[in-house]
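Peer 1: Below you'll find entry_28.cif; it's mmCIF, C-alpha atoms.
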data_my_file
loop_
_atom_site.label_atom_id
_atom_site.label_comp_id
_atom_site.auth_asym_id
_atom_site.auth_seq_id
_atom_site.Cartn_x
_atom_site.Cartn_y
_atom_site.Cartn_z
CA MET L 175 -3.37 -4.53 -32.13
CA ALA L 176 -3.75 -3.47 -28.52
CA THR L 177 -6.94 -1.70 -27.61
CA THR L 178 -7.50 0.27 -24.45
CA VAL L 179 -10.64 0.21 -22.36
CA GLU L 180 -11.42 3.80 -21.34
CA LEU L 181 -13.49 4.18 -18.19
CA ASP L 182 -14.84 7.37 -16.70
CA PRO L 183 -15.39 6.74 -12.97
CA ARG L 184 -18.63 8.73 -13.13
CA ASP L 185 -20.06 5.95 -15.32
CA LEU L 186 -19.27 3.19 -12.81
CA ASP L 187 -21.24 2.09 -9.76
CA GLU L 188 -19.73 1.34 -6.34
CA ARG L 189 -19.17 -2.32 -7.05
CA GLN L 190 -17.53 -1.66 -10.41
CA LEU L 191 -15.28 0.98 -8.85
CA TYR L 192 -14.24 -1.44 -6.13
CA PHE L 193 -13.29 -4.05 -8.74
CA VAL L 194 -11.23 -1.56 -10.73
CA MET L 195 -9.45 0.04 -7.78
CA SER L 196 -8.70 -3.22 -5.96
CA GLY L 197 -7.61 -4.73 -9.28
CA LEU L 198 -5.21 -1.97 -10.30
CA VAL L 199 -3.60 -1.08 -6.97
CA VAL L 200 -1.79 -4.40 -6.49
CA PRO L 201 -0.20 -6.20 -4.74
CA ARG L 202 -1.28 -4.59 -1.46
CA PRO L 203 0.36 -5.21 1.91
CA ILE L 204 -2.01 -6.41 4.62
CA ALA L 205 -2.43 -4.74 8.00
CA TRP L 206 -3.90 -7.41 10.22
CA VAL L 207 -5.12 -5.04 12.89
CA SER L 208 -5.77 -6.08 16.48
CA SER L 209 -7.65 -3.71 18.75
CA LEU L 210 -9.77 -3.76 21.90
CA ALA L 211 -13.37 -2.71 22.39
CA GLN L 212 -14.13 -0.60 25.45
CA ASP L 213 -15.42 -3.74 27.22
CA GLY L 214 -12.09 -5.45 26.49
CA THR L 215 -13.27 -7.71 23.64
CA PRO L 216 -10.35 -8.26 21.27
CA ASN L 217 -10.86 -7.62 17.57
CA LEU L 218 -8.70 -8.76 14.69
CA ALA L 219 -9.36 -7.82 11.05
CA PRO L 220 -7.35 -7.42 7.81
CA HIS L 221 -7.08 -4.11 5.96
CA SER L 222 -5.25 -3.86 2.64
CA TYR L 223 -5.72 -0.19 1.77
CA TYR L 224 -2.67 0.15 3.95
CA ASN L 225 0.92 1.37 3.76
CA ALA L 226 3.65 3.24 5.53
CA ALA L 227 3.08 7.00 5.47
CA SER L 228 6.48 7.94 6.94
CA SER L 229 9.60 5.96 7.87
CA ALA L 230 11.28 8.33 10.34
CA PRO L 231 9.28 8.88 12.47
CA PRO L 232 7.52 5.58 11.68
CA ILE L 233 3.85 6.14 10.83
CA VAL L 234 1.45 3.66 9.25
CA MET L 235 -1.94 4.37 7.72
CA PHE L 236 -4.91 2.23 6.74
CA SER L 237 -8.25 3.02 5.23
CA SER L 238 -11.41 1.75 6.94
CA THR L 239 -14.13 1.67 4.34
CA HIS L 240 -17.55 2.63 5.62
CA ALA L 241 -19.72 -0.45 5.40
CA PRO L 242 -23.40 0.49 5.72
CA HIS L 243 -24.41 -3.03 4.66
CA ARG L 244 -22.37 -4.56 7.48
CA ARG L 245 -23.02 -2.28 10.46
CA PRO L 246 -25.99 0.01 11.20
CA ASP L 247 -23.66 3.01 11.66
CA GLY L 248 -21.35 1.90 8.82
CA ILE L 249 -18.40 1.82 11.21
CA LYS L 250 -16.32 -1.34 11.34
CA ASP L 251 -15.26 -2.68 14.73
CA THR L 252 -11.59 -1.82 14.18
CA LEU L 253 -12.32 1.84 13.50
CA ARG L 254 -14.73 2.10 16.43
CA ASN L 255 -12.18 0.53 18.78
CA VAL L 256 -9.30 2.68 17.55
CA ARG L 257 -11.39 5.82 17.92
CA GLN L 258 -12.39 4.89 21.45
CA THR L 259 -9.06 3.59 22.74
CA GLY L 260 -6.45 5.29 20.51
CA GLU L 261 -4.43 2.09 20.20
CA PHE L 262 -3.95 -0.78 17.77
CA VAL L 263 -1.39 -3.33 16.61
CA VAL L 264 -0.52 -4.11 12.99
CA ASN L 265 0.39 -7.79 12.62
CA VAL L 266 2.27 -8.89 9.50
CA VAL L 267 0.65 -11.70 7.48
CA ASP L 268 2.95 -14.40 6.12
CA ALA L 269 2.16 -17.46 4.03
CA GLU L 270 1.66 -19.69 7.08
CA LEU L 271 -0.95 -17.28 8.48
CA LEU L 272 -2.94 -16.76 5.29
CA GLU L 273 -5.78 -19.13 6.21
CA ALA L 274 -6.06 -17.79 9.74
CA MET L 275 -6.11 -14.22 8.45
CA ASN L 276 -8.90 -15.12 6.06
CA ALA L 277 -10.90 -16.61 8.92
CA THR L 278 -10.88 -13.18 10.59
CA ALA L 279 -12.22 -11.43 7.45
CA THR L 280 -15.76 -12.46 8.27
CA ASP L 281 -18.68 -10.18 9.15
CA CYS L 282 -19.09 -11.44 12.67
CA PRO L 283 -20.78 -9.40 15.42
CA PRO L 284 -18.67 -7.06 17.58
CA GLU L 285 -18.88 -9.36 20.61
CA VAL L 286 -16.99 -12.12 18.77
CA ASP L 287 -13.29 -12.43 19.53
CA GLU L 288 -11.57 -13.14 16.20
CA PHE L 289 -8.48 -14.52 17.97
CA HIS L 290 -10.69 -17.25 19.36
CA LEU L 291 -12.62 -17.63 16.10
CA ALA L 292 -9.42 -18.26 14.14
CA GLY L 293 -7.72 -20.34 16.82
CA LEU L 294 -4.96 -17.79 17.34
CA ALA L 295 -3.16 -17.19 20.60
CA PRO L 296 -2.70 -13.55 21.60
CA ALA L 297 0.63 -12.30 22.95
CA PRO L 298 0.92 -9.25 25.17
CA SER L 299 2.06 -5.95 23.73
CA ARG L 300 4.60 -3.77 25.53
CA LYS L 301 3.25 -0.24 25.23
CA VAL L 302 -0.38 -0.59 24.15
CA ALA L 303 -3.27 -2.64 25.51
CA PRO L 304 -4.35 -4.60 22.40
CA PRO L 305 -2.56 -7.94 22.12
CA ARG L 306 -0.63 -9.01 19.05
CA VAL L 307 -0.92 -12.30 17.17
CA ALA L 308 1.60 -14.62 18.84
CA ARG L 309 2.36 -16.49 15.63
CA ALA L 310 2.91 -13.37 13.51
CA LYS L 311 6.59 -13.01 12.60
CA ALA L 312 6.37 -9.26 13.10
CA ALA L 313 4.05 -6.73 14.70
CA MET L 314 3.96 -2.99 15.19
CA GLU L 315 2.34 -1.42 18.24
CA CYS L 316 0.65 1.83 17.26
CA ARG L 317 -0.94 4.88 18.86
CA LEU L 318 -3.55 6.76 16.87
CA CYS L 319 -2.14 10.09 15.68
CA HIS L 320 -4.60 11.27 13.03
CA LEU L 321 -7.98 10.49 11.47
CA LEU L 322 -9.02 11.76 8.06
CA GLU L 323 -12.35 11.34 6.28
CA MET L 324 -11.62 10.54 2.64
CA GLY L 325 -14.19 9.45 0.07
CA ASP L 326 -16.01 6.35 1.33
CA ALA L 327 -13.59 5.73 4.17
CA THR L 328 -11.86 6.97 7.28
CA LEU L 329 -8.07 6.95 7.12
CA VAL L 330 -6.39 5.92 10.36
CA PHE L 331 -2.82 7.04 11.01
CA GLY L 332 -0.76 5.55 13.82
CA ASP L 333 2.64 6.30 15.30
CA VAL L 334 4.58 3.05 15.63
CA VAL L 335 5.78 2.88 19.24
CA GLN L 336 7.23 -0.64 19.30
CA PHE L 337 8.40 -3.23 16.78
CA HIS L 338 8.37 -6.97 17.46
CA ILE L 339 10.40 -8.96 14.94
CA ASP L 340 10.97 -12.70 15.11
CA ALA L 341 14.69 -13.40 15.29
CA SER L 342 14.32 -15.92 12.44
CA ILE L 343 13.56 -13.15 9.91
CA TRP L 344 16.05 -10.56 11.19
CA ARG L 345 19.55 -10.38 9.69
CA ASP L 346 22.06 -7.57 10.11
CA GLY L 347 19.41 -4.98 10.87
CA ARG L 348 17.17 -5.88 7.96
CA VAL L 349 14.18 -8.12 7.30
CA ASP L 350 14.95 -11.36 5.43
CA MET L 351 12.16 -11.34 2.85
CA THR L 352 12.46 -15.01 1.91
CA ARG L 353 12.05 -16.05 5.52
CA LEU L 354 9.22 -13.61 6.17
CA ALA L 355 7.31 -14.76 3.04
CA PRO L 356 4.79 -11.90 3.19
CA VAL L 357 1.33 -12.18 1.63
CA GLY L 358 0.00 -9.56 -0.78
CA ARG L 359 -3.65 -8.84 -1.40
CA LEU L 360 -4.84 -8.86 -5.00
CA SER L 361 -8.45 -8.39 -5.97
CA GLY L 362 -11.46 -10.46 -4.93
CA SER L 363 -10.40 -13.59 -3.07
CA ASP L 364 -6.91 -13.62 -4.52
CA TYR L 365 -3.64 -13.38 -2.65
CA SER L 366 -0.05 -13.62 -3.77
CA THR L 367 2.85 -14.97 -1.80
CA VAL L 368 6.35 -13.71 -2.43
CA GLU L 369 8.04 -16.60 -4.21
CA ARG L 370 10.55 -15.12 -6.59
CA ILE L 371 12.49 -12.02 -5.65
CA GLN L 372 14.20 -9.89 -8.28
CA SER L 373 16.94 -7.53 -7.20
CA LEU L 374 17.62 -4.46 -9.30
CA ARG L 375 20.17 -1.88 -8.30
CA ARG L 376 18.85 1.66 -8.42
CA PRO L 377 20.95 3.36 -11.09
CA ALA L 378 23.18 6.27 -10.13
CA TRP L 379 22.58 9.36 -12.22
CA THR L 380 25.30 9.85 -14.85
CA PRO L 381 24.79 12.64 -17.37
CA ASP L 382 25.68 11.85 -20.99
CA MET Q 1196 12.78 -21.66 20.84
CA ALA Q 1197 11.67 -18.54 18.99
CA THR Q 1198 13.08 -15.29 20.23
CA THR Q 1199 11.70 -11.89 19.40
CA VAL Q 1200 13.74 -8.82 18.62
CA GLU Q 1201 12.16 -5.88 20.44
CA LEU Q 1202 12.87 -2.48 18.95
CA ASP Q 1203 11.84 0.90 20.30
CA PRO Q 1204 11.75 3.33 17.37
CA ARG Q 1205 13.31 6.03 19.56
CA ASP Q 1206 16.50 3.93 19.63
CA LEU Q 1207 16.77 3.72 15.83
CA ASP Q 1208 18.24 6.25 13.42
CA GLU Q 1209 16.62 7.29 10.12
CA ARG Q 1210 18.35 4.63 8.07
CA GLN Q 1211 17.46 1.85 10.51
CA LEU Q 1212 13.84 3.00 10.61
CA TYR Q 1213 13.67 2.99 6.83
CA PHE Q 1214 14.97 -0.59 6.73
CA VAL Q 1215 12.42 -1.75 9.31
CA MET Q 1216 9.42 0.05 7.82
CA SER Q 1217 10.18 -0.84 4.20
CA GLY Q 1218 10.91 -4.41 5.30
CA LEU Q 1219 7.71 -4.97 7.28
CA VAL Q 1220 5.13 -3.20 5.10
CA VAL Q 1221 5.38 -5.58 2.16
CA PRO Q 1222 4.68 -6.21 -0.66
CA ARG Q 1223 3.89 -2.63 -1.67
CA PRO Q 1224 2.10 -1.62 -4.88
CA ILE Q 1225 4.02 0.84 -7.05
CA ALA Q 1226 2.63 4.15 -8.26
CA TRP Q 1227 4.76 5.05 -11.25
CA VAL Q 1228 3.79 8.70 -11.29
CA SER Q 1229 4.02 10.88 -14.38
CA SER Q 1230 3.71 14.64 -14.01
CA LEU Q 1231 4.69 17.84 -15.78
CA ALA Q 1232 6.90 20.67 -14.57
CA GLN Q 1233 5.63 24.19 -15.18
CA ASP Q 1234 7.94 24.45 -18.20
CA GLY Q 1235 6.39 21.28 -19.61
CA THR Q 1236 9.24 18.87 -18.79
CA PRO Q 1237 7.75 15.42 -18.16
CA ASN Q 1238 8.70 13.60 -14.99
CA LEU Q 1239 8.27 9.93 -14.18
CA ALA Q 1240 9.15 8.37 -10.82
CA PRO Q 1241 8.10 5.34 -8.74
CA HIS Q 1242 6.51 5.68 -5.28
CA SER Q 1243 5.70 2.63 -3.18
CA TYR Q 1244 4.28 4.19 -0.02
CA TYR Q 1245 1.12 4.14 -2.09
CA ASN Q 1246 -2.37 2.68 -2.00
CA ALA Q 1247 -6.03 3.33 -2.67
CA ALA Q 1248 -7.60 5.54 -0.01
CA SER Q 1249 -11.19 5.14 -1.25
CA SER Q 1250 -12.84 3.02 -3.95
CA ALA Q 1251 -16.07 4.96 -4.55
CA PRO Q 1252 -15.27 7.73 -5.23
CA PRO Q 1253 -11.87 6.47 -6.43
CA ILE Q 1254 -9.03 8.21 -4.57
CA VAL Q 1255 -5.37 7.19 -4.52
CA MET Q 1256 -2.66 8.40 -2.17
CA PHE Q 1257 1.11 8.27 -2.16
CA SER Q 1258 3.73 9.52 0.22
CA SER Q 1259 6.55 11.71 -1.08
CA THR Q 1260 9.40 11.45 1.38
CA HIS Q 1261 11.31 14.66 1.91
CA ALA Q 1262 14.81 14.14 0.55
CA PRO Q 1263 17.16 16.84 1.82
CA HIS Q 1264 20.16 14.87 0.51
CA ARG Q 1265 18.71 14.81 -2.99
CA ARG Q 1266 17.27 18.31 -3.46
CA PRO Q 1267 18.22 21.60 -1.79
CA ASP Q 1268 14.60 22.17 -0.69
CA GLY Q 1269 14.01 18.47 0.05
CA ILE Q 1270 11.12 18.39 -2.41
CA LYS Q 1271 11.15 15.71 -5.09
CA ASP Q 1272 10.22 16.67 -8.64
CA THR Q 1273 6.94 14.74 -8.55
CA LEU Q 1274 5.68 16.59 -5.49
CA ARG Q 1275 6.78 19.98 -6.83
CA ASN Q 1276 5.02 19.30 -10.13
CA VAL Q 1277 1.83 18.03 -8.53
CA ARG Q 1278 1.69 21.04 -6.21
CA GLN Q 1279 2.17 23.44 -9.11
CA THR Q 1280 -0.10 21.80 -11.69
CA GLY Q 1281 -2.59 19.79 -9.60
CA GLU Q 1282 -2.39 16.82 -11.95
CA PHE Q 1283 -0.65 13.47 -12.24
CA VAL Q 1284 -1.02 10.00 -13.70
CA VAL Q 1285 -0.43 6.72 -11.85
CA ASN Q 1286 0.93 4.09 -14.23
CA VAL Q 1287 0.78 0.43 -13.17
CA VAL Q 1288 4.09 -1.46 -13.19
CA ASP Q 1289 4.05 -5.00 -14.56
CA ALA Q 1290 6.86 -7.53 -14.90
CA GLU Q 1291 7.73 -6.38 -18.43
CA LEU Q 1292 8.18 -2.80 -17.22
CA LEU Q 1293 10.26 -3.55 -14.13
CA GLU Q 1294 13.62 -2.61 -15.67
CA ALA Q 1295 12.27 0.56 -17.25
CA MET Q 1296 10.66 1.59 -13.97
CA ASN Q 1297 13.96 1.07 -12.18
CA ALA Q 1298 15.70 3.30 -14.74
CA THR Q 1299 13.41 6.14 -13.67
CA ALA Q 1300 14.27 5.70 -9.96
CA THR Q 1301 17.49 7.66 -10.36
CA ASP Q 1302 18.38 10.99 -8.78
CA CYS Q 1303 18.56 12.90 -12.03
CA PRO Q 1304 18.15 16.69 -12.24
CA PRO Q 1305 14.65 18.16 -12.75
CA GLU Q 1306 15.37 19.08 -16.38
CA VAL Q 1307 15.79 15.42 -17.33
CA ASP Q 1308 12.81 13.74 -18.97
CA GLU Q 1309 12.61 10.23 -17.48
CA PHE Q 1310 10.45 9.00 -20.38
CA HIS Q 1311 13.39 9.73 -22.66
CA LEU Q 1312 15.93 8.43 -20.13
CA ALA Q 1313 14.17 5.06 -19.91
CA GLY Q 1314 13.31 4.82 -23.60
CA LEU Q 1315 9.58 4.97 -22.93
CA ALA Q 1316 7.02 6.44 -25.29
CA PRO Q 1317 4.42 8.73 -23.70
CA ALA Q 1318 0.75 8.44 -24.63
CA PRO Q 1319 -1.68 11.32 -24.26
CA SER Q 1320 -4.05 11.44 -21.32
CA ARG Q 1321 -7.70 12.39 -21.77
CA LYS Q 1322 -8.48 14.74 -18.91
CA VAL Q 1323 -5.13 15.83 -17.50
CA ALA Q 1324 -2.02 17.25 -19.13
CA PRO Q 1325 0.67 14.78 -17.95
CA PRO Q 1326 1.12 11.89 -20.40
CA ARG Q 1327 0.89 8.27 -19.38
CA VAL Q 1328 3.37 5.49 -20.14
CA ALA Q 1329 2.22 4.03 -23.45
CA ARG Q 1330 3.40 0.51 -22.58
CA ALA Q 1331 1.75 0.43 -19.15
CA LYS Q 1332 -1.18 -2.00 -19.14
CA ALA Q 1333 -3.18 0.38 -16.96
CA ALA Q 1334 -3.07 4.00 -15.88
CA MET Q 1335 -5.17 6.30 -13.74
CA GLU Q 1336 -5.44 10.01 -14.49
CA CYS Q 1337 -5.64 11.98 -11.25
CA ARG Q 1338 -6.40 15.47 -10.00
CA LEU Q 1339 -4.86 16.55 -6.71
CA CYS Q 1340 -7.52 16.72 -4.01
CA HIS Q 1341 -5.56 16.93 -0.76
CA LEU Q 1342 -2.05 17.34 0.63
CA LEU Q 1343 -1.10 16.32 4.16
CA GLU Q 1344 2.23 16.74 5.94
CA MET Q 1345 2.94 13.55 7.84
CA GLY Q 1346 6.22 12.67 9.56
CA ASP Q 1347 9.08 12.90 7.06
CA ALA Q 1348 6.79 13.13 4.04
CA THR Q 1349 3.98 14.88 2.23
CA LEU Q 1350 0.99 12.70 1.42
CA VAL Q 1351 -0.57 13.37 -1.96
CA PHE Q 1352 -4.21 12.43 -2.53
CA GLY Q 1353 -5.72 12.38 -5.99
CA ASP Q 1354 -9.20 11.89 -7.38
CA VAL Q 1355 -9.07 9.37 -10.21
CA VAL Q 1356 -10.80 11.00 -13.18
CA GLN Q 1357 -10.06 8.45 -15.89
CA PHE Q 1358 -8.98 4.80 -16.08
CA HIS Q 1359 -7.07 3.34 -19.05
CA ILE Q 1360 -7.00 -0.46 -19.04
CA ASP Q 1361 -5.45 -2.58 -21.75
CA ALA Q 1362 -8.10 -4.86 -23.23
CA SER Q 1363 -5.75 -7.84 -22.78
CA ILE Q 1364 -6.06 -7.65 -18.96
CA TRP Q 1365 -9.78 -6.84 -18.77
CA ARG Q 1366 -12.33 -9.67 -18.39
CA ASP Q 1367 -15.96 -9.31 -17.44
CA GLY Q 1368 -15.44 -6.02 -15.64
CA ARG Q 1369 -12.47 -7.18 -13.63
CA VAL Q 1370 -8.69 -7.13 -13.92
CA ASP Q 1371 -7.08 -10.45 -14.91
CA MET Q 1372 -4.23 -10.61 -12.40
CA THR Q 1373 -2.24 -13.28 -14.22
CA ARG Q 1374 -2.21 -11.23 -17.40
CA LEU Q 1375 -1.43 -7.99 -15.57
CA ALA Q 1376 1.48 -9.60 -13.64
CA PRO Q 1377 1.91 -6.65 -11.26
CA VAL Q 1378 5.20 -5.93 -9.52
CA GLY Q 1379 5.41 -5.44 -5.76
CA ARG Q 1380 8.10 -3.50 -3.98
CA LEU Q 1381 9.90 -5.22 -1.14
CA SER Q 1382 12.79 -3.64 0.73
CA GLY Q 1383 16.07 -2.38 -0.65
CA SER Q 1384 16.51 -3.34 -4.30
CA ASP Q 1385 14.08 -6.22 -4.12
CA TYR Q 1386 10.87 -6.65 -6.08
CA SER Q 1387 8.38 -9.50 -6.31
CA THR Q 1388 6.32 -10.46 -9.28
CA VAL Q 1389 2.98 -12.14 -8.84
CA GLU Q 1390 3.62 -15.73 -9.87
CA ARG Q 1391 1.36 -17.91 -7.80
CA ILE Q 1392 -2.12 -16.77 -6.89
CA GLN Q 1393 -4.02 -18.33 -4.01
CA SER Q 1394 -7.76 -17.90 -3.88
CA LEU Q 1395 -9.50 -18.07 -0.52
CA ARG Q 1396 -13.20 -17.49 -0.13
CA ARG Q 1397 -14.05 -15.03 2.58
CA PRO Q 1398 -16.04 -17.04 5.11
CA ALA Q 1399 -19.63 -16.11 5.82
CA TRP Q 1400 -20.35 -15.58 9.49
CA THR Q 1401 -22.15 -18.53 11.04
CA PRO Q 1402 -22.69 -18.46 14.79
CA ASP Q 1403 -22.10 -21.73 16.65
#
Could I get this structure in the form of structure tokens?
Peer 2:
Amino acid sequence: MATTVELDPRDLDERQLYFVMSGLVVPRPIAWVSSLAQDGTPNLAPHSYYNAASSAPPIVMFSSTHAPHRRPDGIKDTLRNVRQTGEFVVNVVDAELLEAMNATATDCPPEVDEFHLAGLAPAPSRKVAPPRVARAKAAMECRLCHLLEMGDATLVFGDVVQFHIDASIWRDGRVDMTRLAPVGRLSGSDYSTVERIQSLRRPAWTPD
Amino acid sequence: MATTVELDPRDLDERQLYFVMSGLVVPRPIAWVSSLAQDGTPNLAPHSYYNAASSAPPIVMFSSTHAPHRRPDGIKDTLRNVRQTGEFVVNVVDAELLEAMNATATDCPPEVDEFHLAGLAPAPSRKVAPPRVARAKAAMECRLCHLLEMGDATLVFGDVVQFHIDASIWRDGRVDMTRLAPVGRLSGSDYSTVERIQSLRRPAWTPD
């Protein structure tokens, strides 16, 4: 006999809410965001409250949770940089980059360059100043187009102005998912890699 | 020698942009959204440009792409219903529900009840009128809190007002990912199921 746990969010504290939300909205894509501080220090940090907002024109969005326990002003380096410079790059995380991505998820001070910290080479972007991760199989150069305060976070929206896609994952105008092997964020310290792909045709509507 | 395909979005048409965006922002969580038309007809449809926007308070968002080829006004049933009633439920899609979810991804007319179409029993919600999917292992009742036009879509934000979590996936205040077995959306007709979970501790920052 299945029983259902009923939870009213008003009865949960911040930590409990984080566990529930990050446990039920899964698997999440990861925006591994590179940006530049005003003094030119590169920053690289993963965000998984992230998705496409629009395909055509291409717009991505990610949520930067305010972190009062991590920064005096509660603002993470990525958000501060994007606000100040208006530019960022979303790097795609694949299975080979999982460990390096995790190394950049640390609470290090703003003057630390996470590229250096994780042993990652930067590669120049074409239209924005922040570099991309050279080893990433795909990256999207973005220009800030909108900011929105929402709950405990600031949502960052960016127009994609350039795509970089490794030729090894590109076939007939589409991304080869097996070769990309993207990583999904689950809850806590858990990640999933795409191992088995199921293809289901979307049914055409046929009235009885 | 790795070569990189460089794409300027201004050189791509709508279809090409959809392939690139849905191929690079992966794996995506699926909001299987139930809603009610003003005449009471239930609607159920998957949306994968979806994520949490905030954990505390809990807020979810999904993008409803305008579909001029599918509806005369370009507005999908879910968006019309949510605008008119201010309520919806996000049902979580697990491996056992993948086929049923796909059956609701069809372009059927607004008078069709996708619960019936897919052979799914509804279960009553507690705080909102739209029913949830009885077989879903988790569901979030939501009240519309914000709408935002963005590119080719309308973004729908909802305050989560009630969580339903099957006891079988709930352990010590957290979601058991192996038992939930969530489905991720890839591109085209492809889906991934969470099969192998990798756990990586987030490193603490330790200066040299």
Peer 1: Set the cut-off to 6 Å and count all atoms listed in the file: what are the residues of chain L that reach chain Q? Output as a compact mmCIF listing (two decimals) with C-alpha atoms, in the coordinates of the input.
Peer 2:
# COMPACT_ATOMS: atom_id res chain seq x y z
CA THR L 177 -6.94 -1.70 -27.61
CA THR L 178 -7.50 0.27 -24.45
CA VAL L 179 -10.64 0.21 -22.36
CA GLU L 180 -11.42 3.80 -21.34
CA LEU L 181 -13.49 4.18 -18.19
CA ASP L 182 -14.84 7.37 -16.70
CA GLU L 188 -19.73 1.34 -6.34
CA LEU L 191 -15.28 0.98 -8.85
CA TYR L 192 -14.24 -1.44 -6.13
CA PHE L 193 -13.29 -4.05 -8.74
CA MET L 195 -9.45 0.04 -7.78
CA GLY L 197 -7.61 -4.73 -9.28
CA VAL L 200 -1.79 -4.40 -6.49
CA PRO L 201 -0.20 -6.20 -4.74
CA ARG L 202 -1.28 -4.59 -1.46
CA PRO L 203 0.36 -5.21 1.91
CA TYR L 223 -5.72 -0.19 1.77
CA ASN L 225 0.92 1.37 3.76
CA ALA L 226 3.65 3.24 5.53
CA ALA L 227 3.08 7.00 5.47
CA SER L 228 6.48 7.94 6.94
CA SER L 229 9.60 5.96 7.87
CA ALA L 230 11.28 8.33 10.34
CA PRO L 231 9.28 8.88 12.47
CA SER L 237 -8.25 3.02 5.23
CA THR L 280 -15.76 -12.46 8.27
CA ASP L 281 -18.68 -10.18 9.15
CA CYS L 282 -19.09 -11.44 12.67
CA GLY L 325 -14.19 9.45 0.07
CA ASP L 326 -16.01 6.35 1.33
CA ALA L 327 -13.59 5.73 4.17
CA GLN L 336 7.23 -0.64 19.30
CA PHE L 337 8.40 -3.23 16.78
CA HIS L 338 8.37 -6.97 17.46
CA ILE L 339 10.40 -8.96 14.94
CA ASP L 340 10.97 -12.70 15.11
CA ALA L 341 14.69 -13.40 15.29
CA ARG L 348 17.17 -5.88 7.96
CA VAL L 349 14.18 -8.12 7.30
CA GLY L 358 0.00 -9.56 -0.78
CA SER L 363 -10.40 -13.59 -3.07
CA ASP L 364 -6.91 -13.62 -4.52
CA TYR L 365 -3.64 -13.38 -2.65
CA SER L 366 -0.05 -13.62 -3.77
CA ILE L 371 12.49 -12.02 -5.65
CA GLN L 372 14.20 -9.89 -8.28
CA SER L 373 16.94 -7.53 -7.20
CA LEU L 374 17.62 -4.46 -9.30
CA ARG L 375 20.17 -1.88 -8.30
CA PRO L 377 20.95 3.36 -11.09
CA ALA L 378 23.18 6.27 -10.13
CA TRP L 379 22.58 9.36 -12.22
Peer 1: Apply the PyMOL selection byres ((chain Q and resi 1323) around 8) to the structure shown and report the selected residues as a list in words.
Peer 2: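 In the shown coordinates, the PyMOL selection byres ((chain Q and resi 1323) around 8) covers Glu1282, Phe1283, Ser1320, Arg1321, Lys1322, Ala1324, Pro1325, Pro1326, Glu1336, Cys1337 and Arg1338 of chain Q.
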Peer 1: Compare L:Arg254, L:His290, L:Arg345, L:His243 by their minimum atom-to-atom distance to L:Val330, counting all atoms listed in the file, and give me the closest one.
Peer 2: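 When distances to L:Val330 are compared using all atoms listed in the file, the smallest one comes from L:Arg254.
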Peer 1: Would you please work out which residue, of Q:Gly1353, Q:Asp1308, Q:Val1328, Q:Thr1373, is nearest to Q:Gly1235 when using all atoms listed in the file?
Peer 2: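 Among Q:Gly1353, Q:Asp1308, Q:Val1328, Q:Thr1373, it is Q:Asp1308 that comes nearest to Q:Gly1235.
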Peer 1: Can you tell me, as a ChimeraX atom specification, what residues are no more than 9 Å from L:Ala274 when counting only C-alpha atoms, ignoring any on the same chain fewer than 5 positions away?
Peer 2: /L:292-294
Peer 1: Could you please determine the separation between atom CA of Q:Arg1278 and atom CA of Q:Leu1339 in Å, to one decimal place?
Peer 2: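 Separation between atom CA of Q:Arg1278 and atom CA of Q:Leu1339: 8.0 Å.
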Peer 1: Work out how far apart atom CA of Q:Ala1262 and atom CA of Q:Asn1238 are and give it in Å to one decimal.
Peer 2: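 The value is 16.7 Å.
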Peer 1: Find the axis-aligned box for stretch 304-311 of chain L, covering all its listed atoms and adding 3 Å on each side, and write its centre and edge lengths in Å to one decimal as AutoDock Vina command-line options.
Peer 2:
--center_x 1.1 --center_y -10.5 --center_z 17.5 --size_x 16.9 --size_y 17.9 --size_z 15.8
Peer 1: Atom CA of L:Leu253 and atom CA of L:Arg309, how far apart in Å?
Peer 2: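 According to the coordinates, atom CA of L:Arg309 and atom CA of L:Leu253 are separated by 23.6 Å.
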